[in-house]
Amino acid sequence: MQKIKILPEGLANRIAAGEVVERPASVVKELVENSIDAKSHMISVSLVEGGKTLIRILDDGEGMGREDVLIAFERHATSKLNDESDWMTIRTLGFRGEALASIAAVSKITLTTHTGEGPEGTRISLEGGHLLHVETVGTPLGTEMEVSDLFYNTPARKKFLKSTPTELGYVSEVVFQLALSHPEIHFRLFHQERERFNYPAVSSLHDRALQCFGETSSDQWMRTSRAFPLSQSPLHLITAFFSKPPLTKNNRKEQYIFVNRRPIKSASLSHAVYDAYSSFLMKGEHPFFILFIEIDPAWVDVNVHPTKREVRFQNADPICQAIKNTLRDVLYGVESAEGDPAQTSFSTPETLLYTSIPHSPREPWVGWPAAEEREKYQYKNHPQQETLLSTKSNTTAPNSLFSNRHGPIIRPLGQVYGTFLIAEVDGALTLIDQHAADERILYERLLKIGCQYEEAGRMPDTQLLLIPQQIDLPLHKVEALKKHLGDLEKFGLKIELFGETTFVVREVPVLLSRADLAALLLDMTDEWDIGREYPKNPDQVMTQIIASMACHGAIRAHQFLTHLEIERLLTDYFREKTPPTCPHGRPILMRYERSDLEKMFCRK
Ligand code: ADP
Ligand code: MG
């Protein structure tokens with residue numbers, strides 16, 4: 001008996017939908033991409049229950065005529081490929097003609113659209129991919145797409161949907177990323193009728209990045225844009241915004257890569273960015289970056305992943321090399337000699353948009369002390385050198401660094417690379433990671449502050465800011481921070497909301513006097529951002545606050561210290577019997593006994 005049969009079309013479509021439509025965010029991605037491809041100037045996304053109940057996308061793009069509407073929901077129906085050769089040079093975000101068919105197969109849809117030709121537009125409704133109704137209606141130019149009851153006919157998939165905040169988080173991220181790479185389009189996102197973001201059209205990627213990350217965050221990043229002559233290179237343009245070296249993060253959450261404005265994941269491109277930073281990054285540190293690559297479409301295959309999340313390059317090596325060099329030149333303060341975008345002619349208006357970013361100025365970002373200042377703190381000239389030695393206990397037991405009641409004998413010798421301290425501690429040559437050591441000290445002190453508050457309601461020492469600091473946060477982080485203002489106050493950090501997205505810091509704990517408060521808040525809200533892994537119990541919140549505060553309040557790597565500062569750090573570290581690893585578990589110090597050195601030099 002014959003066993004093999006062809007699946008009925010409806011079932012085949014439902015199965016195929018699984019590849020493209022995984023959750024509300026995948027529907028939103030496909031529909032917003034369609035609106036972008038339709039040359040819209042404004043795209044508005046509205047959701048009910050994180051998109052599980054309803055997704056409504058409104059655009060003012062080209063719209064569809066009645067005949068096109070009737071065919072648009074067929075599989076492989078697309079207006080974006082005319083013949084096979086287009087395939088290689090595709091510039092639109094869509095081209096497979098699968099999205100509408102897949103979405104329609106697992107939801108209920110109403111589409112209303114008008115091309116501007118003739119007085120009226122068309123409305124069509126479908127359920128599970130079956131046509132219910134078509135009518136002629138009066139409607140403005142553009143398209144409105146309503147997708148409701150996602151997975152109503154595939155209960156097994158519906159069961160896998162997460163909570164409303166989680167699904168909302170995924171959708172926000174999708175719209176956020178498409179907005180980031182399309183500054184010429186006005187984007188709005190609403191949830192349960194509340195506006196979550198609103199980015200009016202602007203004229204450059206930089207202006208859009210400011211809307212997305214808040215004006216304040218621009219102090220945290222460097223930017224550059226390098227063009228390559230169209231005739232000589234398939235790679236046309238690299239535009240990047242990326243962390244100033246001391247201001248790195250402890251996670252990879254805020255790293256965005258766009259190839260021809262398509263958000264993608266790429267281990268090799270991301271690796272190129274890390275390569276550019278090389279020694280600026282310590283283990284466990286990650287840069288923030290937004291990387292835009294414009295490249296000849298024939299060099300990229302976007303058809304290797306059903307949702308086009310990954311791409312394949314004909315040859316990734318020269319692209320990675322170019323990324324590394326471009327970023328490195330700015331990181332190391334070398335002015336780039338080639339490819340000033342202002343002097344390069346481009347053929348498409350899309351590309352011109354990128355060139356309106358001013359070329360990155362040389363940015364001095366490290367607080368190097370002036371030469372005479374450094375001279376003043378040279379160890380040999382320092383009068384306190386002996387004092388420190390003589391005030392210490394005379395115990396010299398080699399392995400008693402943390403058990404000695406009076407602390408060990410410390411002889412500070414200096415600092416290398418602005419990052420490691422060198423000292424003789426109880427007779428052993430000791431290298432200390434200055435950031436890790438200070439971070440640990442602060443961590444322990446903040447823990448104590450937290451306990452004192454919990455047990456006795458005692459507040460830590462604070463200082464009033466002479467000029468209160470204003471900090472703008474992107475809308476999606478505002479809610480998260482608002483929830484935890486009370487928790488921060490327990491540590492002496494007093495912050496008030498001032499308007500829609502601006503916070504004002506009036507008072508800070510003394511321990512945080514040197515912290516970059518904007519960086520601290522951006523970092524902390526990363527963890528609390530709705531839809532991401534949300535900490536559930538108060539202990540987790542406390543630990544997170546303490547860890548972020550310790551990290552931002554601590555002396556950074558690449559920061560030159562005066563002799564006094566070195567002394568103070570060493571004394572604090574050894575006196576407080578601080579554990580020998582930083583809060584993330586990295587070692588703080590390395591010890592070489594006299595006998596180790598003697599062995600190394602063959603003296604023994
Ligand atoms: P693709 O985007 O790969 O072409 P889709 O299934 O997403 O396939 O869409 C099918 C076609 O429907 C598109 O090629 C386009 O012509 C039309 N279309 C979809 N959404 C819109 C929209 N918002 N505005 C105008 N046309 C649209
Ligand atoms: Mg599409």
# chains A, B, ... in the order shown; residues from 1 in each chain; ligands from 1
call {"tool": "residues_near_ligand", "arguments": {"ligand": "ligand 2", "cutoff": "12 Å", "atoms": "only C-alpha atoms and all ligand atoms", "output": "MDAnalysis selection string"}}
result
chainID A and resid 20 26:38 72:73 75:81 92:103 306:308
call {"tool": "write_last_selection", "arguments": {"atoms": "N, CA, C and O atoms", "output": "short mmCIF file (atom, residue, chain, number, x, y, z; two decimals), in the first residue's frame"}}
result
data_model
loop_
_atom_site.label_atom_id
_atom_site.label_comp_id
_atom_site.auth_asym_id
_atom_site.auth_seq_id
_atom_site.Cartn_x
_atom_site.Cartn_y
_atom_site.Cartn_z
N VAL A 20 9.17 30.51 10.57
CA VAL A 20 9.22 31.97 10.54
C VAL A 20 8.57 32.57 11.78
O VAL A 20 9.03 33.56 12.34
N SER A 26 8.29 37.62 16.30
CA SER A 26 8.62 37.27 14.92
C SER A 26 7.59 37.82 13.94
O SER A 26 7.93 38.23 12.84
N VAL A 27 6.31 37.88 14.39
CA VAL A 27 5.29 38.49 13.54
C VAL A 27 5.60 39.96 13.35
O VAL A 27 5.61 40.50 12.23
N VAL A 28 5.90 40.64 14.47
CA VAL A 28 6.18 42.08 14.39
C VAL A 28 7.38 42.34 13.49
O VAL A 28 7.38 43.24 12.66
N LYS A 29 8.41 41.51 13.62
CA LYS A 29 9.61 41.69 12.79
C LYS A 29 9.23 41.64 11.31
O LYS A 29 9.58 42.53 10.54
N GLU A 30 8.50 40.61 10.91
CA GLU A 30 8.15 40.47 9.49
C GLU A 30 7.29 41.64 9.02
O GLU A 30 7.49 42.16 7.93
N LEU A 31 6.32 42.04 9.86
CA LEU A 31 5.40 43.09 9.41
C LEU A 31 6.08 44.45 9.36
O LEU A 31 5.86 45.24 8.44
N VAL A 32 6.91 44.73 10.35
CA VAL A 32 7.61 46.02 10.32
C VAL A 32 8.58 46.05 9.14
O VAL A 32 8.72 47.06 8.46
N GLU A 33 9.23 44.92 8.87
CA GLU A 33 10.13 44.88 7.70
C GLU A 33 9.34 45.14 6.42
O GLU A 33 9.82 45.84 5.53
N ASN A 34 8.14 44.59 6.33
CA ASN A 34 7.31 44.87 5.15
C ASN A 34 7.00 46.36 5.04
O ASN A 34 7.04 46.93 3.96
N SER A 35 6.69 46.98 6.20
CA SER A 35 6.38 48.41 6.18
C SER A 35 7.61 49.22 5.76
O SER A 35 7.49 50.23 5.05
N ILE A 36 8.78 48.79 6.19
CA ILE A 36 10.01 49.49 5.80
C ILE A 36 10.21 49.33 4.29
O ILE A 36 10.47 50.30 3.57
N ASP A 37 10.06 48.09 3.81
CA ASP A 37 10.21 47.84 2.37
C ASP A 37 9.20 48.64 1.54
O ASP A 37 9.45 48.97 0.39
N ALA A 38 8.03 48.95 2.16
CA ALA A 38 7.01 49.71 1.43
C ALA A 38 7.29 51.22 1.49
O ALA A 38 6.41 52.03 1.18
N ALA A 72 -1.30 38.33 -1.96
CA ALA A 72 -0.20 38.54 -1.01
C ALA A 72 -0.05 37.42 0.02
O ALA A 72 1.05 37.17 0.51
N PHE A 73 -1.17 36.75 0.36
CA PHE A 73 -1.11 35.74 1.41
C PHE A 73 -0.79 34.34 0.89
O PHE A 73 -0.77 33.37 1.64
N ARG A 75 1.75 31.48 -0.50
CA ARG A 75 3.18 31.22 -0.26
C ARG A 75 3.98 31.60 -1.50
O ARG A 75 3.51 31.42 -2.62
N HIS A 76 5.18 32.13 -1.30
CA HIS A 76 6.08 32.58 -2.38
C HIS A 76 5.50 33.73 -3.19
O HIS A 76 5.82 33.89 -4.35
N ALA A 77 4.61 34.53 -2.56
CA ALA A 77 4.11 35.71 -3.26
C ALA A 77 4.93 36.91 -2.83
O ALA A 77 4.96 37.25 -1.65
N THR A 78 5.65 37.51 -3.74
CA THR A 78 6.46 38.67 -3.40
C THR A 78 6.53 39.65 -4.55
O THR A 78 6.49 39.24 -5.71
N SER A 79 6.63 40.94 -4.22
CA SER A 79 6.81 41.95 -5.27
C SER A 79 8.28 42.35 -5.36
O SER A 79 8.64 43.23 -6.10
N LYS A 80 9.14 41.67 -4.53
CA LYS A 80 10.50 42.20 -4.37
C LYS A 80 11.54 41.55 -5.27
O LYS A 80 12.67 42.02 -5.34
N LEU A 81 11.17 40.45 -5.90
CA LEU A 81 12.08 39.81 -6.84
C LEU A 81 11.40 39.76 -8.20
O LEU A 81 10.29 39.24 -8.31
N THR A 92 16.06 44.90 -0.35
CA THR A 92 14.92 44.97 0.57
C THR A 92 15.14 43.99 1.72
O THR A 92 15.95 43.07 1.62
N LEU A 93 14.39 44.18 2.82
CA LEU A 93 14.55 43.29 3.98
C LEU A 93 13.89 41.94 3.71
O LEU A 93 14.33 40.90 4.16
N GLY A 94 12.76 41.95 2.98
CA GLY A 94 12.07 40.70 2.63
C GLY A 94 12.34 40.34 1.19
O GLY A 94 12.83 41.17 0.42
N PHE A 95 12.09 39.10 0.82
CA PHE A 95 12.18 38.68 -0.58
C PHE A 95 11.69 37.25 -0.76
O PHE A 95 11.54 36.77 -1.87
N ARG A 96 11.39 36.54 0.37
CA ARG A 96 11.04 35.13 0.22
C ARG A 96 9.55 34.91 -0.01
O ARG A 96 9.13 33.81 -0.34
N GLY A 97 8.74 35.96 0.21
CA GLY A 97 7.31 35.82 -0.02
C GLY A 97 6.66 34.79 0.88
O GLY A 97 5.67 34.16 0.51
N GLU A 98 7.19 34.64 2.09
CA GLU A 98 6.66 33.60 2.98
C GLU A 98 5.95 34.14 4.20
O GLU A 98 5.11 33.46 4.78
N ALA A 99 6.30 35.37 4.60
CA ALA A 99 5.87 35.85 5.91
C ALA A 99 4.35 35.92 6.02
O ALA A 99 3.76 35.36 6.95
N LEU A 100 3.72 36.61 5.06
CA LEU A 100 2.27 36.78 5.20
C LEU A 100 1.56 35.42 5.19
O LEU A 100 0.63 35.19 5.98
N ALA A 101 1.99 34.51 4.34
CA ALA A 101 1.36 33.18 4.29
C ALA A 101 1.54 32.47 5.63
O ALA A 101 0.59 31.87 6.17
N SER A 102 2.75 32.57 6.20
CA SER A 102 3.01 31.87 7.46
C SER A 102 2.22 32.47 8.61
O SER A 102 1.67 31.74 9.44
N ILE A 103 2.19 33.80 8.68
CA ILE A 103 1.47 34.45 9.78
C ILE A 103 -0.02 34.13 9.65
O ILE A 103 -0.69 33.78 10.62
N PRO A 306 16.15 31.02 8.40
CA PRO A 306 14.76 31.31 8.03
C PRO A 306 14.32 32.74 8.35
O PRO A 306 13.56 33.33 7.62
N THR A 307 14.82 33.28 9.47
CA THR A 307 14.40 34.64 9.79
C THR A 307 15.50 35.64 9.46
O THR A 307 15.48 36.77 9.91
N LYS A 308 16.47 35.22 8.69
CA LYS A 308 17.57 36.06 8.18
C LYS A 308 18.38 36.68 9.32
O LYS A 308 18.93 37.76 9.20
#
call {"tool": "closest_atom_pairs", "arguments": {"of": "region 476-564 of chain A", "to": "region 429-437 of chain A", "cutoff": "9 Å", "atoms": "only C-alpha atoms", "output": "Markdown table"}}
result
| residue | atom | partner | partner_atom | distance |
| --- | --- | --- | --- | --- |
| A:Cys551 | CA | A:His435 | CA | 8.2 |
| A:Ala554 | CA | A:His435 | CA | 6.1 |
| A:Ile555 | CA | A:His435 | CA | 5.2 |
| A:Arg556 | CA | A:His435 | CA | 5.1 |
| A:Ala557 | CA | A:His435 | CA | 5.7 |
call {"tool": "atom_distance", "arguments": {"atom1": "CA of Asp207 (chain A)", "atom2": "CA of Leu331 (chain A)"}}
result
21.7 Å
call {"tool": "residues_around", "arguments": {"residues": "Gln321 (chain A)", "least_positions_apart": "6", "cutoff": "10 Å", "atoms": "only C-alpha atoms", "output": "JSON, numbers by chain"}}
result
{"A": [269, 272, 273, 275, 276]}
call {"tool": "closest_residue", "arguments": {"among": "A:Leu447, A:Glu479, A:Trp528, A:Ser270", "to": "Met549 (chain A)", "atoms": "only C-alpha atoms"}}
result
A:Leu447
call {"tool": "atom_distance", "arguments": {"atom1": "CA of Glu120 (chain A)", "atom2": "CA of Gly138 (chain A)"}}
result
4.8 Å
call {"tool": "residues_around", "arguments": {"residues": "Pro318 (chain A)", "least_positions_apart": "2", "cutoff": "12 Å", "atoms": "only C-alpha atoms", "output": "ChimeraX atom specification"}}
result
/A:233-235,268-269,272,295,299,313-316,320-325
call {"tool": "write_last_selection", "arguments": {"atoms": "all heavy atoms", "output": "compact mmCIF listing (two decimals), in the first residue's frame"}}
result
# COMPACT_ATOMS: atom_id res chain seq x y z
N SER A 233 36.08 48.59 -3.53
CA SER A 233 35.85 47.70 -2.40
C SER A 233 34.38 47.31 -2.32
O SER A 233 33.50 48.17 -2.42
CB SER A 233 36.27 48.45 -1.12
OG SER A 233 35.63 47.91 -0.02
N PRO A 234 34.09 46.02 -2.10
CA PRO A 234 32.69 45.62 -1.90
C PRO A 234 32.16 46.17 -0.57
O PRO A 234 30.97 46.36 -0.39
CB PRO A 234 32.75 44.10 -1.88
CG PRO A 234 34.15 43.74 -1.57
CD PRO A 234 35.02 44.86 -2.05
N LEU A 235 33.08 46.43 0.36
CA LEU A 235 32.69 47.03 1.63
C LEU A 235 32.63 48.53 1.42
O LEU A 235 33.62 49.14 1.01
CB LEU A 235 33.74 46.67 2.69
CG LEU A 235 33.56 47.29 4.06
CD1 LEU A 235 32.27 46.83 4.70
CD2 LEU A 235 34.73 46.91 4.97
N SER A 268 31.93 36.43 13.96
CA SER A 268 33.21 36.92 13.44
C SER A 268 33.28 38.44 13.48
O SER A 268 34.32 39.01 13.84
CB SER A 268 33.47 36.38 12.03
OG SER A 268 32.36 36.53 11.23
N LEU A 269 32.19 39.13 13.15
CA LEU A 269 32.22 40.59 13.19
C LEU A 269 32.36 41.08 14.63
O LEU A 269 33.07 42.04 14.92
CB LEU A 269 30.95 41.17 12.55
CG LEU A 269 31.06 41.54 11.07
CD1 LEU A 269 31.63 40.43 10.23
CD2 LEU A 269 29.71 41.97 10.50
N ALA A 272 35.81 40.85 15.74
CA ALA A 272 36.66 41.92 15.20
C ALA A 272 36.62 43.14 16.12
O ALA A 272 37.63 43.81 16.33
CB ALA A 272 36.19 42.29 13.80
N ILE A 295 27.54 47.10 2.59
CA ILE A 295 28.36 46.25 1.74
C ILE A 295 27.57 45.87 0.48
O ILE A 295 26.34 45.81 0.52
CB ILE A 295 28.82 45.00 2.53
CG1 ILE A 295 29.76 44.12 1.72
CG2 ILE A 295 27.65 44.21 3.06
CD1 ILE A 295 30.43 43.04 2.53
N TRP A 299 27.86 40.33 -1.99
CA TRP A 299 28.87 39.72 -1.11
C TRP A 299 28.29 39.05 0.13
O TRP A 299 29.00 38.44 0.91
CB TRP A 299 29.87 40.79 -0.68
CG TRP A 299 31.07 40.80 -1.56
CD1 TRP A 299 31.07 40.92 -2.91
CD2 TRP A 299 32.41 40.65 -1.15
NE1 TRP A 299 32.34 40.87 -3.37
CE2 TRP A 299 33.20 40.70 -2.31
CE3 TRP A 299 33.05 40.48 0.08
CZ2 TRP A 299 34.57 40.58 -2.28
CZ3 TRP A 299 34.42 40.37 0.12
CH2 TRP A 299 35.17 40.41 -1.06
N PHE A 313 29.15 35.77 4.62
CA PHE A 313 29.92 36.65 3.73
C PHE A 313 30.74 35.81 2.77
O PHE A 313 31.24 34.74 3.16
CB PHE A 313 30.87 37.53 4.53
CG PHE A 313 30.16 38.47 5.45
CD1 PHE A 313 30.01 38.17 6.79
CD2 PHE A 313 29.63 39.65 4.97
CE1 PHE A 313 29.33 39.02 7.65
CE2 PHE A 313 28.95 40.51 5.82
CZ PHE A 313 28.80 40.20 7.15
N GLN A 314 30.90 36.33 1.55
CA GLN A 314 31.77 35.63 0.61
C GLN A 314 33.15 35.45 1.22
O GLN A 314 33.76 34.41 1.12
CB GLN A 314 31.89 36.47 -0.66
CG GLN A 314 31.32 35.79 -1.87
CD GLN A 314 31.61 36.64 -3.09
OE1 GLN A 314 32.76 37.00 -3.35
NE2 GLN A 314 30.56 36.95 -3.83
N ASN A 315 33.64 36.52 1.84
CA ASN A 315 34.91 36.44 2.53
C ASN A 315 34.88 37.42 3.71
O ASN A 315 34.89 38.63 3.51
CB ASN A 315 36.03 36.79 1.55
CG ASN A 315 37.40 36.69 2.21
OD1 ASN A 315 37.50 36.37 3.40
ND2 ASN A 315 38.43 36.96 1.45
N ALA A 316 34.80 36.87 4.91
CA ALA A 316 34.63 37.76 6.08
C ALA A 316 35.95 38.40 6.51
O ALA A 316 35.94 39.44 7.18
CB ALA A 316 34.02 36.98 7.22
N CYS A 320 36.39 41.95 8.56
CA CYS A 320 36.78 41.96 9.98
C CYS A 320 38.02 42.84 10.17
O CYS A 320 38.11 43.61 11.13
CB CYS A 320 37.08 40.54 10.46
SG CYS A 320 35.60 39.53 10.52
N GLN A 321 38.96 42.71 9.26
CA GLN A 321 40.18 43.49 9.35
C GLN A 321 39.86 44.99 9.31
O GLN A 321 40.38 45.79 10.09
CB GLN A 321 41.11 43.11 8.18
CG GLN A 321 42.56 43.53 8.36
CD GLN A 321 43.19 42.95 9.63
OE1 GLN A 321 43.00 41.78 9.93
NE2 GLN A 321 43.88 43.78 10.40
N ALA A 322 38.95 45.34 8.38
CA ALA A 322 38.59 46.76 8.23
C ALA A 322 37.90 47.27 9.48
O ALA A 322 38.15 48.40 9.93
CB ALA A 322 37.70 46.93 7.01
N ILE A 323 37.05 46.44 10.08
CA ILE A 323 36.35 46.86 11.30
C ILE A 323 37.38 47.09 12.41
O ILE A 323 37.38 48.11 13.11
CB ILE A 323 35.34 45.77 11.75
CG1 ILE A 323 34.21 45.66 10.74
CG2 ILE A 323 34.81 46.05 13.14
CD1 ILE A 323 33.29 44.48 10.97
N LYS A 324 38.27 46.13 12.54
CA LYS A 324 39.29 46.21 13.59
C LYS A 324 40.12 47.50 13.43
O LYS A 324 40.30 48.26 14.38
CB LYS A 324 40.17 44.97 13.50
CG LYS A 324 41.21 44.87 14.57
CD LYS A 324 41.92 43.55 14.47
CE LYS A 324 43.29 43.68 15.10
NZ LYS A 324 44.08 42.48 14.92
N ASN A 325 40.59 47.75 12.20
CA ASN A 325 41.43 48.93 11.98
C ASN A 325 40.67 50.23 12.23
O ASN A 325 41.19 51.16 12.84
CB ASN A 325 41.95 48.96 10.54
CG ASN A 325 42.92 47.83 10.29
OD1 ASN A 325 43.44 47.23 11.24
ND2 ASN A 325 43.15 47.50 9.02
call {"tool": "select_by_dssp", "arguments": {"residues": "region 88-321 of chain A", "states": "helix (DSSP H, G or I)", "output": "MDAnalysis selection string"}}
result
chainID A and resid 88:89 99:105 155:159 164:180 205:213 215:220 267:280 297:299 316:321
call {"tool": "residues_around", "arguments": {"residues": "Tyr152 (chain A)", "least_positions_apart": "6", "cutoff": "9 Å", "atoms": "only C-alpha atoms", "output": "number ranges by chain"}}
result
A: 106-108, 128, 158
call {"tool": "atom_distance", "arguments": {"atom1": "CA of Glu215 (chain A)", "atom2": "CA of Lys265 (chain A)"}}
result
26.2 Å
call {"tool": "closest_residue", "arguments": {"among": "A:Leu205, A:Ala105, A:Val300, A:Leu247", "to": "Phe151 (chain A)", "atoms": "only C-alpha atoms"}}
result
A:Ala105
call {"tool": "select_by_dssp", "arguments": {"residues": "region 29-255 of chain A", "states": "strand (DSSP E)", "output": "PyMOL selection string"}}
result
chain A and resi 42-48+54-59+108-114+121-127+130-137+142-148+186-191+194-199+221-227+235-243+255
call {"tool": "closest_residue", "arguments": {"among": "A:Ser172, A:Ser125, A:Ser548, A:Gln540", "to": "Ala515 (chain A)", "atoms": "only C-alpha atoms"}}
result
A:Ser548
call {"tool": "residues_around", "arguments": {"residues": "region 50-66 of chain A", "least_positions_apart": "3", "cutoff": "6 Å", "atoms": "only C-alpha atoms", "output": "list in words"}}
result
Pro24, Ala38, Lys39, Ser40, Met42, Ile43, Ser44, Val45, Ser46, Leu47, Val69, Thr113, His114, Thr115, Thr122, Leu141, Gly142, Thr143, Glu144, Met145, Glu146, Val147, Ser148, Asp149, Leu150, Thr164, Glu167 and Leu168 of chain A
call {"tool": "closest_residue", "arguments": {"among": "A:Thr419, A:Gln255, A:Asn303, A:Asn260", "to": "ligand 1", "atoms": "only C-alpha atoms and all ligand atoms"}}
result
A:Asn303
call {"tool": "residues_around", "arguments": {"residues": "Arg591 (chain A)", "least_positions_apart": "2", "cutoff": "12 Å", "atoms": "only C-alpha atoms", "output": "number ranges by chain"}}
result
A: 398-399, 401, 421-433, 580, 587-589, 593-597
call {"tool": "write_last_selection", "arguments": {"atoms": "N, CA and C atoms", "output": "PDB file, in the first residue's frame"}}
result
ATOM      1  N   PRO A 398      55.444  35.025  56.120  1.00  0.00           N
ATOM      2  CA  PRO A 398      55.164  35.142  54.699  1.00  0.00           C
ATOM      3  C   PRO A 398      53.715  34.843  54.295  1.00  0.00           C
ATOM      4  N   ASN A 399      53.068  33.885  54.924  1.00  0.00           N
ATOM      5  CA  ASN A 399      51.743  33.530  54.427  1.00  0.00           C
ATOM      6  C   ASN A 399      50.621  34.046  55.303  1.00  0.00           C
ATOM      7  N   LEU A 401      49.077  37.092  55.141  1.00  0.00           N
ATOM      8  CA  LEU A 401      48.506  38.350  54.651  1.00  0.00           C
ATOM      9  C   LEU A 401      47.137  38.643  55.234  1.00  0.00           C
ATOM     10  N   LEU A 421      49.184  47.419  40.172  1.00  0.00           N
ATOM     11  CA  LEU A 421      50.069  48.007  41.170  1.00  0.00           C
ATOM     12  C   LEU A 421      51.153  46.989  41.506  1.00  0.00           C
ATOM     13  N   ILE A 422      52.326  47.503  41.818  1.00  0.00           N
ATOM     14  CA  ILE A 422      53.415  46.620  42.224  1.00  0.00           C
ATOM     15  C   ILE A 422      53.806  46.994  43.640  1.00  0.00           C
ATOM     16  N   ALA A 423      53.950  45.999  44.483  1.00  0.00           N
ATOM     17  CA  ALA A 423      54.338  46.290  45.866  1.00  0.00           C
ATOM     18  C   ALA A 423      55.106  45.104  46.429  1.00  0.00           C
ATOM     19  N   GLU A 424      55.901  45.419  47.442  1.00  0.00           N
ATOM     20  CA  GLU A 424      56.498  44.323  48.198  1.00  0.00           C
ATOM     21  C   GLU A 424      55.606  44.158  49.421  1.00  0.00           C
ATOM     22  N   VAL A 425      55.004  42.994  49.550  1.00  0.00           N
ATOM     23  CA  VAL A 425      54.080  42.776  50.665  1.00  0.00           C
ATOM     24  C   VAL A 425      54.595  41.603  51.480  1.00  0.00           C
ATOM     25  N   ASP A 426      54.961  41.889  52.714  1.00  0.00           N
ATOM     26  CA  ASP A 426      55.544  40.863  53.577  1.00  0.00           C
ATOM     27  C   ASP A 426      56.653  40.107  52.861  1.00  0.00           C
ATOM     28  N   GLY A 427      57.471  40.845  52.167  1.00  0.00           N
ATOM     29  CA  GLY A 427      58.646  40.236  51.549  1.00  0.00           C
ATOM     30  C   GLY A 427      58.384  39.563  50.214  1.00  0.00           C
ATOM     31  N   ALA A 428      57.121  39.555  49.745  1.00  0.00           N
ATOM     32  CA  ALA A 428      56.851  38.915  48.450  1.00  0.00           C
ATOM     33  C   ALA A 428      56.532  39.985  47.418  1.00  0.00           C
ATOM     34  N   LEU A 429      57.065  39.791  46.201  1.00  0.00           N
ATOM     35  CA  LEU A 429      56.726  40.713  45.123  1.00  0.00           C
ATOM     36  C   LEU A 429      55.268  40.467  44.750  1.00  0.00           C
ATOM     37  N   THR A 430      54.451  41.536  44.828  1.00  0.00           N
ATOM     38  CA  THR A 430      53.020  41.337  44.645  1.00  0.00           C
ATOM     39  C   THR A 430      52.493  42.253  43.542  1.00  0.00           C
ATOM     40  N   LEU A 431      51.758  41.666  42.606  1.00  0.00           N
ATOM     41  CA  LEU A 431      51.106  42.452  41.548  1.00  0.00           C
ATOM     42  C   LEU A 431      49.623  42.495  41.865  1.00  0.00           C
ATOM     43  N   ILE A 432      49.059  43.683  41.829  1.00  0.00           N
ATOM     44  CA  ILE A 432      47.654  43.827  42.233  1.00  0.00           C
ATOM     45  C   ILE A 432      46.864  44.482  41.109  1.00  0.00           C
ATOM     46  N   ASP A 433      45.737  43.903  40.777  1.00  0.00           N
ATOM     47  CA  ASP A 433      44.847  44.496  39.776  1.00  0.00           C
ATOM     48  C   ASP A 433      44.071  45.617  40.473  1.00  0.00           C
ATOM     49  N   PRO A 580      40.623  37.407  48.274  1.00  0.00           N
ATOM     50  CA  PRO A 580      41.600  37.589  47.200  1.00  0.00           C
ATOM     51  C   PRO A 580      41.043  37.488  45.782  1.00  0.00           C
ATOM     52  N   PRO A 587      41.045  36.826  39.967  1.00  0.00           N
ATOM     53  CA  PRO A 587      42.050  37.044  41.014  1.00  0.00           C
ATOM     54  C   PRO A 587      42.377  38.529  41.147  1.00  0.00           C
ATOM     55  N   ILE A 588      42.699  38.934  42.355  1.00  0.00           N
ATOM     56  CA  ILE A 588      43.068  40.331  42.577  1.00  0.00           C
ATOM     57  C   ILE A 588      44.572  40.483  42.600  1.00  0.00           C
ATOM     58  N   LEU A 589      45.265  39.468  43.124  1.00  0.00           N
ATOM     59  CA  LEU A 589      46.714  39.640  43.235  1.00  0.00           C
ATOM     60  C   LEU A 589      47.506  38.384  42.892  1.00  0.00           C
ATOM     61  N   GLU A 593      57.298  34.861  45.732  1.00  0.00           N
ATOM     62  CA  GLU A 593      58.177  34.851  46.903  1.00  0.00           C
ATOM     63  C   GLU A 593      59.602  35.105  46.440  1.00  0.00           C
ATOM     64  N   ARG A 594      60.423  35.503  47.405  1.00  0.00           N
ATOM     65  CA  ARG A 594      61.834  35.727  47.106  1.00  0.00           C
ATOM     66  C   ARG A 594      62.447  34.479  46.443  1.00  0.00           C
ATOM     67  N   SER A 595      62.067  33.304  47.005  1.00  0.00           N
ATOM     68  CA  SER A 595      62.639  32.057  46.472  1.00  0.00           C
ATOM     69  C   SER A 595      62.219  31.821  45.018  1.00  0.00           C
ATOM     70  N   ASP A 596      60.993  32.273  44.659  1.00  0.00           N
ATOM     71  CA  ASP A 596      60.547  32.122  43.266  1.00  0.00           C
ATOM     72  C   ASP A 596      61.455  32.922  42.342  1.00  0.00           C
ATOM     73  N   LEU A 597      61.741  34.154  42.757  1.00  0.00           N
ATOM     74  CA  LEU A 597      62.583  35.013  41.918  1.00  0.00           C
ATOM     75  C   LEU A 597      64.000  34.445  41.833  1.00  0.00           C
TER      76      LEU A 597
END
call {"tool": "closest_residue", "arguments": {"among": "A:Glu19, A:Glu74, A:Phe241, A:Ile4", "to": "ligand 1", "atoms": "only C-alpha atoms and all ligand atoms"}}
result
A:Glu74
